[in-house]
>>> print(open('coords-v1.cif').read())   # mmCIF, C-alpha atoms
data_work
#
loop_
_atom_site.label_atom_id
_atom_site.label_comp_id
_atom_site.auth_asym_id
_atom_site.auth_seq_id
_atom_site.Cartn_x
_atom_site.Cartn_y
_atom_site.Cartn_z
CA MET Q 1369 63.88 29.95 39.00
CA THR Q 1370 64.28 26.71 37.08
CA VAL Q 1371 63.31 23.16 37.98
CA GLN Q 1372 64.35 20.22 35.84
CA LEU Q 1373 63.84 16.48 36.18
CA ARG Q 1374 66.26 14.23 34.30
CA ASP Q 1375 65.94 10.56 33.49
CA VAL Q 1376 69.60 10.21 32.50
CA ASP Q 1377 72.89 10.93 34.26
CA PHE Q 1378 74.00 14.57 34.37
CA ASP Q 1379 77.14 16.49 35.24
CA PRO Q 1380 76.34 19.06 37.96
CA CYS Q 1381 79.36 21.25 37.12
CA GLU Q 1382 78.37 21.44 33.46
CA GLU Q 1383 74.76 22.15 34.40
CA LEU Q 1384 75.77 24.97 36.69
CA ALA Q 1385 78.10 26.53 34.14
CA ALA Q 1386 75.60 26.21 31.29
CA TYR Q 1387 72.75 27.67 33.32
CA GLN Q 1388 74.85 30.58 34.48
CA GLN Q 1389 75.95 31.23 30.89
CA GLY Q 1390 72.35 31.25 29.75
CA VAL Q 1391 71.21 33.99 32.13
CA PRO Q 1392 73.19 36.98 30.90
CA GLY Q 1393 70.77 39.43 32.51
CA GLN Q 1394 72.19 38.51 35.91
CA ARG Q 1395 75.82 39.00 34.90
CA GLY Q 1396 77.49 41.48 37.19
CA LYS Q 1397 74.51 41.33 39.58
CA TYR Q 1398 75.44 38.28 41.63
CA GLY Q 1399 78.35 38.12 44.01
CA ALA Q 1400 77.66 34.65 45.37
CA VAL Q 1401 76.77 31.25 43.93
CA VAL Q 1402 76.14 28.45 46.42
CA SER Q 1403 75.50 24.92 45.17
CA PHE Q 1404 74.69 21.58 46.75
CA VAL Q 1405 75.12 18.26 44.95
CA GLY Q 1406 73.55 15.13 46.41
CA THR Q 1407 75.24 11.95 45.20
CA MET Q 1408 74.30 8.30 45.52
CA ARG Q 1409 76.19 6.26 48.12
CA ASP Q 1410 76.92 2.55 47.75
CA PHE Q 1411 75.62 1.93 51.28
CA ASN Q 1412 72.63 2.95 53.37
CA ASP Q 1413 71.64 1.98 56.91
CA GLY Q 1414 74.62 -0.37 57.06
CA ARG Q 1415 73.68 -2.23 53.91
CA ALA Q 1416 75.31 -2.36 50.47
CA VAL Q 1417 73.32 -0.72 47.68
CA GLN Q 1418 74.02 -1.51 44.03
CA ALA Q 1419 71.43 0.68 42.33
CA MET Q 1420 68.44 2.80 43.13
CA THR Q 1421 65.24 3.75 41.34
CA LEU Q 1422 63.78 7.19 41.90
CA GLU Q 1423 60.03 7.38 41.44
CA HIS Q 1424 58.16 10.69 41.33
CA TYR Q 1425 54.67 12.10 40.87
CA PRO Q 1426 54.74 13.75 37.42
CA GLY Q 1427 53.21 17.19 37.67
CA MET Q 1428 53.11 17.43 41.46
CA THR Q 1429 56.87 17.03 41.84
CA GLU Q 1430 57.60 19.94 39.50
CA LYS Q 1431 54.89 22.11 41.10
CA ASN Q 1432 56.22 21.38 44.56
CA LEU Q 1433 59.78 22.26 43.59
CA GLN Q 1434 58.60 25.50 41.96
CA ARG Q 1435 56.73 26.31 45.13
CA ILE Q 1436 59.77 25.90 47.37
CA CYS Q 1437 61.80 28.07 44.95
CA THR Q 1438 59.13 30.76 45.23
CA GLU Q 1439 59.22 30.45 49.01
CA ALA Q 1440 63.03 30.80 49.02
CA ARG Q 1441 62.77 33.95 46.94
CA ARG Q 1442 60.15 35.31 49.36
CA GLN Q 1443 62.37 34.65 52.38
CA TRP Q 1444 65.78 35.65 51.02
CA ASP Q 1445 67.14 38.27 48.68
CA ILE Q 1446 68.21 35.92 45.91
CA LEU Q 1447 68.48 36.49 42.18
CA ASP Q 1448 67.91 32.99 40.86
CA ALA Q 1449 67.77 29.31 41.78
CA LEU Q 1450 68.24 26.08 39.84
CA ILE Q 1451 67.15 22.60 40.88
CA VAL Q 1452 68.04 19.56 38.75
CA HIS Q 1453 66.86 16.20 40.09
CA ARG Q 1454 67.24 12.68 38.73
CA VAL Q 1455 64.42 10.23 38.24
CA GLY Q 1456 64.71 6.61 37.09
CA GLU Q 1457 67.64 4.34 37.81
CA VAL Q 1458 70.76 5.76 39.43
CA ARG Q 1459 74.03 4.05 40.32
CA PRO Q 1460 76.52 4.72 43.12
CA ASN Q 1461 78.43 7.96 42.56
CA ASP Q 1462 75.77 9.34 40.21
CA PRO Q 1463 74.51 12.81 41.09
CA ILE Q 1464 70.92 12.73 42.34
CA VAL Q 1465 70.27 16.42 42.83
CA LEU Q 1466 71.84 19.80 42.11
CA VAL Q 1467 70.61 22.89 43.95
CA ALA Q 1468 72.22 26.21 43.07
CA VAL Q 1469 71.39 29.72 44.25
CA TRP Q 1470 72.61 33.09 42.98
CA SER Q 1471 72.54 36.22 45.12
CA ALA Q 1472 74.33 39.53 45.52
CA HIS Q 1473 75.81 38.49 48.88
CA ARG Q 1474 76.76 35.11 50.28
CA ALA Q 1475 74.50 34.89 53.34
CA ALA Q 1476 71.28 34.77 51.32
CA ALA Q 1477 72.74 32.21 48.88
CA PHE Q 1478 73.93 29.90 51.68
CA ASP Q 1479 70.68 30.13 53.62
CA ALA Q 1480 68.41 29.73 50.61
CA CYS Q 1481 70.42 26.77 49.25
CA ARG Q 1482 70.18 25.02 52.61
CA TYR Q 1483 66.47 25.74 52.78
CA LEU Q 1484 65.87 24.42 49.25
CA ILE Q 1485 67.57 21.06 49.76
CA GLU Q 1486 65.93 20.49 53.15
CA ALA Q 1487 62.48 21.50 51.86
CA LEU Q 1488 62.99 19.26 48.81
CA LYS Q 1489 63.88 16.30 51.00
CA THR Q 1490 60.87 16.73 53.27
CA HIS Q 1491 58.20 17.85 50.77
CA ALA Q 1492 58.94 17.01 47.13
CA PRO Q 1493 57.28 13.76 46.03
CA PHE Q 1494 60.20 11.50 45.19
CA TRP Q 1495 60.67 7.95 46.46
CA LYS Q 1496 63.82 5.85 46.48
CA LYS Q 1497 63.85 2.11 45.99
CA GLU Q 1498 67.20 0.53 46.74
CA GLN Q 1499 68.52 -2.55 45.07
CA GLY Q 1500 70.91 -4.59 47.20
CA ARG Q 1501 72.78 -7.75 46.23
CA GLU Q 1502 69.74 -9.94 46.67
CA THR Q 1503 66.82 -7.80 47.71
CA THR Q 1504 65.13 -4.50 46.95
CA ARG Q 1505 63.49 -2.21 49.46
CA TRP Q 1506 61.79 1.16 49.59
CA VAL Q 1507 63.64 3.76 51.62
CA GLU Q 1508 61.18 4.65 54.37
CA HIS Q 1509 62.60 7.99 55.44
CA ASN Q 1510 65.46 10.34 54.73
CA ASN Q 1511 68.31 10.65 57.19
CA PRO Q 1512 67.81 13.59 59.53
CA VAL Q 1513 70.29 16.45 59.41
CA SER Q 1514 72.93 15.84 62.04
CA MET D 392 30.88 12.88 40.17
CA SER D 393 34.18 11.27 39.21
CA VAL D 394 37.35 11.26 41.31
CA GLN D 395 40.69 9.89 40.12
CA ILE D 396 42.85 8.23 42.77
CA ARG D 397 46.57 7.59 42.40
CA TYR D 398 49.05 5.59 44.51
CA PHE D 399 52.81 5.85 44.52
CA ALA D 400 55.87 3.87 45.60
CA SER D 401 55.37 1.27 48.36
CA LEU D 402 51.69 2.15 48.67
CA ARG D 403 51.16 1.50 44.96
CA GLU D 404 52.75 -1.92 45.40
CA ARG D 405 50.69 -2.60 48.51
CA MET D 406 47.48 -1.67 46.69
CA GLY D 407 48.48 -3.76 43.68
CA ARG D 408 47.53 -0.96 41.28
CA ALA D 409 48.55 2.58 40.40
CA SER D 410 45.12 4.19 40.19
CA ASP D 411 41.39 3.94 40.75
CA THR D 412 38.33 5.90 39.72
CA ILE D 413 35.30 6.53 41.91
CA ASP D 414 31.97 7.57 40.43
CA ASP D 415 29.83 8.08 43.50
CA ALA D 416 28.32 11.36 44.72
CA THR D 417 28.15 10.05 48.31
CA VAL D 418 31.96 10.13 48.57
CA THR D 419 32.68 13.70 49.66
CA SER D 420 36.00 13.65 51.57
CA VAL D 421 39.49 12.22 51.25
CA ALA D 422 38.80 9.95 54.24
CA GLN D 423 35.76 8.54 52.44
CA VAL D 424 37.80 8.05 49.29
CA TRP D 425 40.34 6.01 51.24
CA ALA D 426 37.61 3.97 52.95
CA ARG D 427 36.13 3.15 49.56
CA VAL D 428 39.30 2.17 47.73
CA SER D 429 40.77 0.23 50.67
CA GLY D 430 37.65 -1.60 51.78
CA ASN D 431 37.63 0.33 55.08
CA ARG D 432 41.18 -0.56 56.03
CA PRO D 433 43.08 1.94 58.18
CA LEU D 434 45.35 4.29 56.29
CA PRO D 435 48.95 3.10 56.74
CA VAL D 436 50.84 5.18 59.30
CA ASN D 437 52.56 8.28 57.87
CA THR D 438 50.71 8.10 54.54
CA LEU D 439 50.59 11.49 52.83
CA VAL D 440 47.66 12.83 50.86
CA ALA D 441 47.49 15.25 47.95
CA VAL D 442 44.43 16.67 46.21
CA ASN D 443 45.03 18.10 42.76
CA MET D 444 48.78 17.86 43.40
CA GLN D 445 48.74 19.85 46.64
CA TYR D 446 49.17 18.36 50.10
CA ALA D 447 45.86 17.93 51.91
CA ASP D 448 44.33 16.43 55.05
CA LEU D 449 41.99 13.48 55.32
CA ASP D 450 39.04 15.75 56.08
CA ARG D 451 39.56 17.70 52.86
CA ALA D 452 36.42 17.76 50.70
CA VAL D 453 36.61 16.24 47.23
CA GLN D 454 34.73 17.42 44.17
CA ASP D 455 33.95 16.14 40.72
CA GLY D 456 37.13 16.01 38.65
CA ASP D 457 39.54 15.99 41.59
CA GLU D 458 42.69 13.88 41.60
CA VAL D 459 43.47 12.39 45.02
CA ALA D 460 46.87 10.80 45.67
CA PHE D 461 48.06 8.63 48.55
CA PHE D 462 51.76 7.98 49.08
CA PRO D 463 54.38 7.17 51.72
CA PRO D 464 56.82 9.71 53.22
CA VAL D 465 58.98 11.28 50.50
CA THR D 466 62.66 10.38 50.18
CA GLY D 467 64.13 12.55 47.43
CA GLY D 468 67.37 14.50 47.36
#
>>> encode(input="coords-v1.cif", output="C-alpha coordinates")
Amino acid sequence: MTVQLRDVDFDPCEELAAYQQGVPGQRGKYGAVVSFVGTMRDFNDGRAVQAMTLEHYPGMTEKNLQRICTEARRQWDILDALIVHRVGEVRPNDPIVLVAVWSAHRAAAFDACRYLIEALKTHAPFWKKEQGRETTRWVEHNNPVS
Amino acid sequence: MSVQIRYFASLRERMGRASDTIDDATVTSVAQVWARVSGNRPLPVNTLVAVNMQYADLDRAVQDGDEVAFFPPVTGG
(Lines of atoms letter the chains of each structure in order from A and count residues from 1; the text may use other names and numbers.)
(Lines give C-alpha, C1' and ligand atoms only; values in the text may rest on other atoms or scores of the structure.)
Protein backbone atom coordinates (compact mmCIF):
# COMPACT_ATOMS: atom_id res chain seq x y z
CA MET A 1 0.00 0.00 0.00
CA THR A 2 1.72 3.16 -1.17
CA VAL A 3 0.66 6.79 -0.91
CA GLN A 4 2.59 9.55 -2.64
CA LEU A 5 2.05 13.29 -2.91
CA ARG A 6 3.70 15.07 -5.83
CA ASP A 7 4.31 18.76 -6.32
CA VAL A 8 5.13 18.38 -10.02
CA ASP A 9 3.29 16.91 -13.00
CA PHE A 10 3.35 13.12 -13.31
CA ASP A 11 2.46 10.54 -15.95
CA PRO A 12 -0.08 8.06 -14.49
CA CYS A 13 0.77 5.33 -17.03
CA GLU A 14 4.47 5.52 -16.21
CA GLU A 15 3.72 5.55 -12.48
CA LEU A 16 1.55 2.47 -12.77
CA ALA A 17 4.09 0.58 -14.85
CA ALA A 18 7.02 1.55 -12.62
CA TYR A 19 5.19 0.63 -9.44
CA GLN A 20 4.12 -2.71 -10.82
CA GLN A 21 7.68 -3.41 -11.94
CA GLY A 22 8.97 -2.61 -8.48
CA VAL A 23 6.80 -5.16 -6.68
CA PRO A 24 8.12 -8.44 -8.05
CA GLY A 25 6.74 -10.40 -5.10
CA GLN A 26 3.25 -9.96 -6.50
CA ARG A 27 4.13 -11.15 -10.00
CA GLY A 28 1.92 -14.03 -11.00
CA LYS A 29 -0.35 -13.38 -8.00
CA TYR A 30 -2.61 -10.69 -9.43
CA GLY A 31 -5.10 -11.25 -12.19
CA ALA A 32 -6.63 -7.78 -12.17
CA VAL A 33 -5.36 -4.21 -12.07
CA VAL A 34 -7.97 -1.46 -11.92
CA SER A 35 -6.90 2.18 -12.08
CA PHE A 36 -8.63 5.53 -11.90
CA VAL A 37 -7.05 8.78 -13.10
CA GLY A 38 -8.61 12.09 -12.14
CA THR A 39 -7.66 14.90 -14.52
CA MET A 40 -8.15 18.64 -14.34
CA ARG A 41 -10.93 20.12 -16.48
CA ASP A 42 -10.80 23.60 -17.99
CA PHE A 43 -14.31 24.31 -16.66
CA ASN A 44 -16.21 23.84 -13.42
CA ASP A 45 -19.76 24.83 -12.48
CA GLY A 46 -20.16 26.49 -15.87
CA ARG A 47 -17.09 28.67 -15.50
CA ALA A 48 -13.74 28.61 -17.29
CA VAL A 49 -10.78 27.56 -15.15
CA GLN A 50 -7.21 28.35 -16.18
CA ALA A 51 -5.28 26.84 -13.29
CA MET A 52 -5.84 25.36 -9.88
CA THR A 53 -3.88 25.19 -6.65
CA LEU A 54 -4.18 22.11 -4.48
CA GLU A 55 -3.56 22.74 -0.80
CA HIS A 56 -3.18 19.90 1.71
CA TYR A 57 -2.51 19.27 5.38
CA PRO A 58 1.02 17.81 5.48
CA GLY A 59 1.03 14.76 7.70
CA MET A 60 -2.73 14.36 8.04
CA THR A 61 -3.28 13.95 4.31
CA GLU A 62 -0.81 11.06 4.08
CA LYS A 63 -2.17 9.44 7.26
CA ASN A 64 -5.73 9.71 5.99
CA LEU A 65 -4.84 8.15 2.64
CA GLN A 66 -2.99 5.31 4.38
CA ARG A 67 -6.03 4.76 6.54
CA ILE A 68 -8.41 4.42 3.60
CA CYS A 69 -5.96 1.99 1.94
CA THR A 70 -5.98 -0.09 5.12
CA GLU A 71 -9.77 0.01 5.16
CA ALA A 72 -9.91 -1.12 1.51
CA ARG A 73 -7.65 -4.05 2.32
CA ARG A 74 -9.87 -4.94 5.28
CA GLN A 75 -13.01 -4.91 3.13
CA TRP A 76 -11.74 -6.54 -0.07
CA ASP A 77 -9.31 -9.27 -0.96
CA ILE A 78 -6.73 -7.07 -2.64
CA LEU A 79 -2.98 -7.50 -2.98
CA ASP A 80 -1.84 -3.90 -3.21
CA ALA A 81 -2.96 -0.32 -3.80
CA LEU A 82 -1.23 2.82 -5.02
CA ILE A 83 -2.42 6.40 -4.63
CA VAL A 84 -0.50 9.28 -6.24
CA HIS A 85 -1.99 12.75 -5.71
CA ARG A 86 -0.84 16.17 -6.89
CA VAL A 87 -0.38 19.18 -4.66
CA GLY A 88 0.55 22.70 -5.75
CA GLU A 89 -0.42 24.27 -9.05
CA VAL A 90 -2.07 22.15 -11.73
CA ARG A 91 -3.19 23.10 -15.23
CA PRO A 92 -6.04 21.79 -17.38
CA ASN A 93 -5.38 18.25 -18.60
CA ASP A 94 -2.85 17.57 -15.83
CA PRO A 95 -3.48 14.40 -13.84
CA ILE A 96 -4.59 15.18 -10.28
CA VAL A 97 -4.84 11.68 -8.86
CA LEU A 98 -4.00 8.09 -9.73
CA VAL A 99 -5.61 5.25 -7.79
CA ALA A 100 -4.60 1.70 -8.72
CA VAL A 101 -5.55 -1.60 -7.12
CA TRP A 102 -4.14 -5.09 -7.68
CA SER A 103 -6.09 -8.24 -6.85
CA ALA A 104 -6.37 -11.86 -7.89
CA HIS A 105 -9.84 -11.31 -9.38
CA ARG A 106 -11.47 -8.28 -10.94
CA ALA A 107 -14.44 -7.73 -8.62
CA ALA A 108 -12.30 -6.84 -5.61
CA ALA A 109 -10.08 -4.54 -7.68
CA PHE A 110 -13.05 -2.66 -9.19
CA ASP A 111 -14.85 -2.29 -5.87
CA ALA A 112 -11.77 -1.29 -3.89
CA CYS A 113 -10.66 1.24 -6.53
CA ARG A 114 -14.11 2.85 -6.49
CA TYR A 115 -14.09 2.91 -2.71
CA LEU A 116 -10.62 4.49 -2.57
CA ILE A 117 -11.39 7.40 -4.90
CA GLU A 118 -14.73 8.13 -3.24
CA ALA A 119 -13.24 7.94 0.27
CA LEU A 120 -10.35 10.16 -0.85
CA LYS A 121 -12.74 12.76 -2.23
CA THR A 122 -14.86 12.86 0.92
CA HIS A 123 -12.20 12.45 3.63
CA ALA A 124 -8.65 13.29 2.55
CA PRO A 125 -7.67 16.86 3.44
CA PHE A 126 -7.07 18.49 0.07
CA TRP A 127 -8.56 21.81 -1.06
CA LYS A 128 -8.83 23.19 -4.56
CA LYS A 129 -8.55 26.86 -5.39
CA GLU A 130 -9.53 27.66 -8.96
CA GLN A 131 -8.09 30.48 -10.97
CA GLY A 132 -10.43 31.86 -13.63
CA ARG A 133 -9.71 34.60 -16.15
CA GLU A 134 -10.15 37.36 -13.61
CA THR A 135 -10.95 35.84 -10.27
CA THR A 136 -9.93 33.00 -7.97
CA ARG A 137 -12.25 30.99 -5.76
CA TRP A 138 -12.11 28.05 -3.40
CA VAL A 139 -14.07 25.03 -4.56
CA GLU A 140 -16.66 24.55 -1.83
CA HIS A 141 -17.60 20.94 -2.48
CA ASN A 142 -16.87 18.07 -4.81
CA ASN A 143 -19.42 17.05 -7.41
CA PRO A 144 -21.57 14.18 -6.19
CA VAL A 145 -21.38 10.87 -8.03
CA SER A 146 -24.15 10.79 -10.60
CA MET B 1 -0.82 23.54 28.75
CA SER B 2 -0.09 24.46 25.15
CA VAL B 3 -2.30 23.71 22.15
CA GLN B 4 -1.33 24.40 18.55
CA ILE B 5 -4.16 25.45 16.22
CA ARG B 6 -3.97 25.31 12.44
CA TYR B 7 -6.28 26.64 9.71
CA PHE B 8 -6.43 25.60 6.09
CA ALA B 9 -7.74 26.84 2.74
CA SER B 10 -10.62 29.35 2.84
CA LEU B 11 -10.74 29.24 6.63
CA ARG B 12 -7.05 30.17 6.82
CA GLU B 13 -7.75 33.16 4.58
CA ARG B 14 -10.80 34.11 6.61
CA MET B 15 -8.81 33.95 9.85
CA GLY B 16 -5.97 35.92 8.28
CA ARG B 17 -3.38 33.51 9.67
CA ALA B 18 -2.33 29.88 9.36
CA SER B 19 -1.89 29.04 13.03
CA ASP B 20 -2.33 30.04 16.66
CA THR B 21 -1.06 28.81 20.01
CA ILE B 22 -3.09 28.73 23.20
CA ASP B 23 -1.42 28.48 26.60
CA ASP B 24 -4.37 28.29 28.96
CA ALA B 25 -5.34 25.35 31.17
CA THR B 26 -8.99 26.49 31.25
CA VAL B 27 -9.39 25.60 27.55
CA THR B 28 -10.31 21.91 27.65
CA SER B 29 -12.35 21.17 24.50
CA VAL B 30 -12.25 21.85 20.77
CA ALA B 31 -15.33 24.08 21.12
CA GLN B 32 -13.50 26.17 23.71
CA VAL B 33 -10.46 26.37 21.45
CA TRP B 34 -12.62 27.74 18.65
CA ALA B 35 -14.34 30.22 20.98
CA ARG B 36 -10.95 31.50 22.08
CA VAL B 37 -9.31 31.87 18.68
CA SER B 38 -12.40 33.32 17.00
CA GLY B 39 -13.49 35.71 19.72
CA ASN B 40 -16.67 33.68 20.31
CA ARG B 41 -17.81 33.75 16.70
CA PRO B 42 -19.89 30.81 15.48
CA LEU B 43 -17.96 28.13 13.66
CA PRO B 44 -18.62 28.51 9.91
CA VAL B 45 -21.13 25.96 8.63
CA ASN B 46 -19.60 22.64 7.52
CA THR B 47 -16.22 23.36 9.12
CA LEU B 48 -14.32 20.16 9.85
CA VAL B 49 -12.15 19.56 12.89
CA ALA B 50 -9.11 17.37 13.42
CA VAL B 51 -7.17 16.71 16.61
CA ASN B 52 -3.67 15.35 16.15
CA MET B 53 -4.47 14.77 12.46
CA GLN B 54 -7.59 12.68 13.08
CA TYR B 55 -11.14 13.88 12.53
CA ALA B 56 -12.84 14.90 15.76
CA ASP B 57 -16.00 16.54 17.11
CA LEU B 58 -16.34 19.91 18.80
CA ASP B 59 -16.85 18.27 22.19
CA ARG B 60 -13.55 16.41 21.92
CA ALA B 61 -11.26 17.11 24.89
CA VAL B 62 -7.89 18.72 24.21
CA GLN B 63 -4.70 18.11 26.14
CA ASP B 64 -1.30 19.69 26.46
CA GLY B 65 0.63 19.24 23.22
CA ASP B 66 -2.40 18.61 21.01
CA GLU B 67 -2.66 20.01 17.49
CA VAL B 68 -6.18 21.14 16.60
CA ALA B 69 -7.06 21.95 12.98
CA PHE B 70 -10.10 23.69 11.51
CA PHE B 71 -10.81 23.52 7.80
CA PRO B 72 -13.60 23.64 5.19
CA PRO B 73 -15.05 20.57 3.41
CA VAL B 74 -12.34 18.72 1.50
CA THR B 75 -12.21 18.83 -2.30
CA GLY B 76 -9.41 16.54 -3.43
CA GLY B 77 -9.35 13.96 -6.19
>>> closest_atom_pairs(input="coords-v1.cif", of="chain Q", to="chain D", cutoff="6 Å", atoms="all atoms listed in the file", output="CSV")
residue,atom,partner,partner_atom,distance
Q:Met1428,CA,D:Met444,CA,4.8
Q:Val1465,CA,D:Gly468,CA,5.7
Q:Lys1489,CA,D:Gly467,CA,5.2
Q:Pro1493,CA,D:Val465,CA,5.4
Q:Phe1494,CA,D:Gly467,CA,4.6
Q:Trp1495,CA,D:Thr466,CA,4.9
Q:Lys1496,CA,D:Thr466,CA,6.0
Q:His1509,CA,D:Thr466,CA,5.8
Q:Asn1510,CA,D:Thr466,CA,5.3
>>> closest_residue(input="coords-v1.cif", among="Q:Ala1449, Q:Leu1384, Q:Val1469, Q:Val1507", to="Arg1415 of chain Q", atoms="only C-alpha atoms")
Q:Val1507
>>> resolve_selection(input="coords-v1.cif", expression="the PyMOL selection byres ((chain Q and resi 1394-1411) around 8)", output="ChimeraX atom specification")
/Q:1380,1391-1393,1412-1419,1447,1458-1474,1477-1478,1481,1485 /D:468
>>> write_last_selection(input="coords-v1.cif", atoms="C-alpha atoms", output="PDB file, in the frame of the given file")
ATOM      1  CA  PRO Q1380      76.340  19.060  37.960  1.00  0.00           C
ATOM      2  CA  VAL Q1391      71.210  33.990  32.130  1.00  0.00           C
ATOM      3  CA  PRO Q1392      73.190  36.980  30.900  1.00  0.00           C
ATOM      4  CA  GLY Q1393      70.770  39.430  32.510  1.00  0.00           C
ATOM      5  CA  ASN Q1412      72.630   2.950  53.370  1.00  0.00           C
ATOM      6  CA  ASP Q1413      71.640   1.980  56.910  1.00  0.00           C
ATOM      7  CA  GLY Q1414      74.620  -0.370  57.060  1.00  0.00           C
ATOM      8  CA  ARG Q1415      73.680  -2.230  53.910  1.00  0.00           C
ATOM      9  CA  ALA Q1416      75.310  -2.360  50.470  1.00  0.00           C
ATOM     10  CA  VAL Q1417      73.320  -0.720  47.680  1.00  0.00           C
ATOM     11  CA  GLN Q1418      74.020  -1.510  44.030  1.00  0.00           C
ATOM     12  CA  ALA Q1419      71.430   0.680  42.330  1.00  0.00           C
ATOM     13  CA  LEU Q1447      68.480  36.490  42.180  1.00  0.00           C
ATOM     14  CA  VAL Q1458      70.760   5.760  39.430  1.00  0.00           C
ATOM     15  CA  ARG Q1459      74.030   4.050  40.320  1.00  0.00           C
ATOM     16  CA  PRO Q1460      76.520   4.720  43.120  1.00  0.00           C
ATOM     17  CA  ASN Q1461      78.430   7.960  42.560  1.00  0.00           C
ATOM     18  CA  ASP Q1462      75.770   9.340  40.210  1.00  0.00           C
ATOM     19  CA  PRO Q1463      74.510  12.810  41.090  1.00  0.00           C
ATOM     20  CA  ILE Q1464      70.920  12.730  42.340  1.00  0.00           C
ATOM     21  CA  VAL Q1465      70.270  16.420  42.830  1.00  0.00           C
ATOM     22  CA  LEU Q1466      71.840  19.800  42.110  1.00  0.00           C
ATOM     23  CA  VAL Q1467      70.610  22.890  43.950  1.00  0.00           C
ATOM     24  CA  ALA Q1468      72.220  26.210  43.070  1.00  0.00           C
ATOM     25  CA  VAL Q1469      71.390  29.720  44.250  1.00  0.00           C
ATOM     26  CA  TRP Q1470      72.610  33.090  42.980  1.00  0.00           C
ATOM     27  CA  SER Q1471      72.540  36.220  45.120  1.00  0.00           C
ATOM     28  CA  ALA Q1472      74.330  39.530  45.520  1.00  0.00           C
ATOM     29  CA  HIS Q1473      75.810  38.490  48.880  1.00  0.00           C
ATOM     30  CA  ARG Q1474      76.760  35.110  50.280  1.00  0.00           C
ATOM     31  CA  ALA Q1477      72.740  32.210  48.880  1.00  0.00           C
ATOM     32  CA  PHE Q1478      73.930  29.900  51.680  1.00  0.00           C
ATOM     33  CA  CYS Q1481      70.420  26.770  49.250  1.00  0.00           C
ATOM     34  CA  ILE Q1485      67.570  21.060  49.760  1.00  0.00           C
TER      35      ILE Q1485
ATOM     36  CA  GLY D 468      67.370  14.500  47.360  1.00  0.00           C
TER      37      GLY D 468
END
>>> residues_around(input="coords-v1.cif", residues="segment 1435-1441 of chain Q", least_positions_apart="3", cutoff="10 Å", atoms="all atoms listed in the file", output="list in words")
Met1369, Thr1370, Val1371, Thr1429, Glu1430, Lys1431, Asn1432, Trp1444, Asp1445, Ile1446, Leu1447, Asp1448, Ala1449, Leu1450, Ile1451, Val1469, Ala1476, Ala1477, Asp1479, Ala1480, Cys1481, Arg1482, Tyr1483, Leu1484, Ile1485, Ala1487, Leu1488, His1491 and Ala1492 of chain Q
>>> resolve_selection(input="coords-v1.cif", expression="the PyMOL selection byres ((chain D and resi 418) around 12)", output="VMD selection string")
chain D and resid 392 to 394 412 to 417 419 to 428 450 to 455 457
>>> closest_residue(input="coords-v1.cif", among="D:Met406, D:Ala447, D:Val459, D:Gln395", to="Arg432 of chain D", atoms="all atoms listed in the file")
D:Met406
>>> atom_distance(input="coords-v1.cif", atom1="atom CA of Lys1497 of chain Q", atom2="atom CA of Arg1454 of chain Q")
13.3 Å
>>> atom_distance(input="coords-v1.cif", atom1="atom CA of His1453 of chain Q", atom2="atom CA of His1424 of chain Q")
10.4 Å
>>> closest_residue(input="coords-v1.cif", among="Q:Gly1390, Q:Leu1433, Q:Glu1457, Q:Arg1442", to="Asp1377 of chain Q", atoms="all atoms listed in the file")
Q:Glu1457
>>> atom_distance(input="coords-v1.cif", atom1="atom CA of Arg408 of chain D", atom2="atom CA of Phe461 of chain D")
12.0 Å
>>> axis_aligned_box(input="coords-v1.cif", around="segment 1453-1471 of chain Q", padding_each_side="8 Å", output="lines of an AutoDock Vina configuration file")
center_x = 71.4
center_y = 20.1
center_z = 41.1
size_x = 30.0
size_y = 48.2
size_z = 24.0
